[in-house]
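Participant: Let me begin by handing over the structure; questions about it come next.
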Amino acid sequence: MRETRGQKIFKIFNYTFLGFLGLATFYPFWYVLVASLNEGRDFMRGGVWFFPRALTWENYAKAFNDDRIAPSLRISVSATLLVLVLSLLLTALVAYALTVKTLPGRNIFSFFWYFTTIFSGGMIPYFMVLRDLKLTSSFWLYVIPSLFSFTNFILMRANFQGIPYELRESAQLDGAGDWTILTRIYLPLSKPILATLALFVGVGKWNDWFTGAYYQSQAKLYPAATVLQRLLAEASAGSQVKVGQETAAAGGMTTYTSQSLQMAFVMILTMPIVVVYPFLQKYYVKGVMVGSVKG
């Protein structure tokens, strides 16, 4: 069927509009990348919009060697991986158990967990609980409180409920235990929801600056997102961070500045998510749809 003149005009307008919208969305990311690859002192002169005028890798070299940034990256990577693996495992175990029709009191357990999500004690009681558990000066502050999410549990359980129960019964007749059924049947059939929850948990934990800023008492245990938040706060307040002081003391011999170091750190913090997301995207949409429709 041939397109009418109006349809062609609409298609051209639609593609043009979406193209400009895509560029407007992508440009801030590109601008930060250009700034991170440009010499800091040269970038402060202005006029660097699309490509580096004075290309350098010194900003990234300094970022990885900074006495605050490198340790914070190690903490963020360790916390994110631990939470990702343990959270998905715990959520899968709970969701599987509460899909077993013969489990006594499964509706009571589900209601209890739902009921506790309605209320929040607030920041101060939450801090007091963390303090009493000796977590406010520990790396485990970023792991233990993040292991279970009721929302993730609902999505996982809805997906498990969509798997024919006859598969479980058939496996039991063949002598399979619950662990075998979970790992050999349920999890392989749940790749979309697992990828979706992995993205939720991973991005949330990687970008979590709030926990370190308000609940962590040891500066050496700040995650990368908290360090970045503090660097940006110092810059917006007009104060000089340590690297800026080093540059001035060196008589201007170095080419990086406080702003260029921040741009490099933003890219370092952003790139892992940008790299991982394309591999999970095909599962992400399907996983969200499965959880929303069957939930």
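Letters A, B, ... mark the chains of the structure tokens in the order given; residue numbers begin at 1 per chain; ligand numbers begin at 1, in order shown.
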Quick one: everything within 9 Å of Tyr27 in chain A, counting only C-alpha atoms, minus sequence neighbours fewer than 5 positions away in the same chain. Send it as a short mmCIF file (atom, residue, chain, number, x, y, z; two decimals) with N, CA and C atoms, in the first residue's frame.

Facilitator:
```cif
data_model
loop_
_atom_site.label_atom_id
_atom_site.label_comp_id
_atom_site.auth_asym_id
_atom_site.auth_seq_id
_atom_site.Cartn_x
_atom_site.Cartn_y
_atom_site.Cartn_z
N GLY A 22 16.56 12.93 20.30
CA GLY A 22 17.66 12.04 20.63
C GLY A 22 18.97 12.79 20.82
N VAL A 32 30.03 16.00 28.59
CA VAL A 32 30.84 15.57 29.74
C VAL A 32 32.04 14.75 29.25
N PHE A 50 31.93 20.29 20.97
CA PHE A 50 31.66 19.02 20.29
C PHE A 50 32.86 18.07 20.29
#
```

Participant: Write out as a list in words which residues come within 12 Å of Leu135 in chain A when counting only C-alpha atoms, dropping same-chain ones fewer than 6 positions away.

Facilitator: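 Those residues are Tyr126, Phe127, Met128, Val129, Leu141, Tyr142, Val143, Ile144, Pro145, Thr211, Gly212, Tyr215, Gln216, Ser217, Gln218 and Leu221 of chain A.
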
Participant: Given the selection you just returned, output its residues as a file containing C-alpha atoms, formatted as a PDB file, in the first residue's frame.

Facilitator:
```pdb
ATOM      1  CA  TYR A 126      16.813   4.042  60.741  1.00  0.00           C
ATOM      2  CA  PHE A 127      20.204   5.541  61.632  1.00  0.00           C
ATOM      3  CA  MET A 128      19.813   4.374  65.232  1.00  0.00           C
ATOM      4  CA  VAL A 129      19.132   0.818  64.049  1.00  0.00           C
ATOM      5  CA  LEU A 141      26.360  -0.839  55.568  1.00  0.00           C
ATOM      6  CA  TYR A 142      26.087  -0.948  51.760  1.00  0.00           C
ATOM      7  CA  VAL A 143      25.250  -4.660  51.605  1.00  0.00           C
ATOM      8  CA  ILE A 144      23.038  -5.958  54.423  1.00  0.00           C
ATOM      9  CA  PRO A 145      20.197  -3.351  54.300  1.00  0.00           C
ATOM     10  CA  THR A 211      23.747   5.985  52.242  1.00  0.00           C
ATOM     11  CA  GLY A 212      27.405   6.975  52.335  1.00  0.00           C
ATOM     12  CA  TYR A 215      24.892   7.026  57.422  1.00  0.00           C
ATOM     13  CA  GLN A 216      28.605   6.292  56.934  1.00  0.00           C
ATOM     14  CA  SER A 217      30.867   7.750  59.637  1.00  0.00           C
ATOM     15  CA  GLN A 218      34.168   6.680  58.045  1.00  0.00           C
ATOM     16  CA  LEU A 221      34.544   3.944  53.333  1.00  0.00           C
TER      17      LEU A 221
END
```

Participant: Give me the residues within 10 Å of Leu86 in chain A as a PyMOL selection string, counting only C-alpha atoms and dropping any in the same chain fewer than 3 places off.

Facilitator: chain A and resi 81-83+89-92+143-144+146-148

Participant: Considering only C-alpha atoms, state which residue in the set A:Ile185, A:Ala219, A:Met123, A:Ala225 is at the smallest distance from Ser138 in chain A.

Facilitator: A:Ala219

Participant: Based on DSSP run over this structure's backbone, return all residues of range 77-227 of chain A in alpha helix (DSSP H), as number ranges by chain.

Facilitator: A: 77-97, 106-118, 123-132, 150-161, 165-173, 178-181, 191-206, 210-215, 224-227
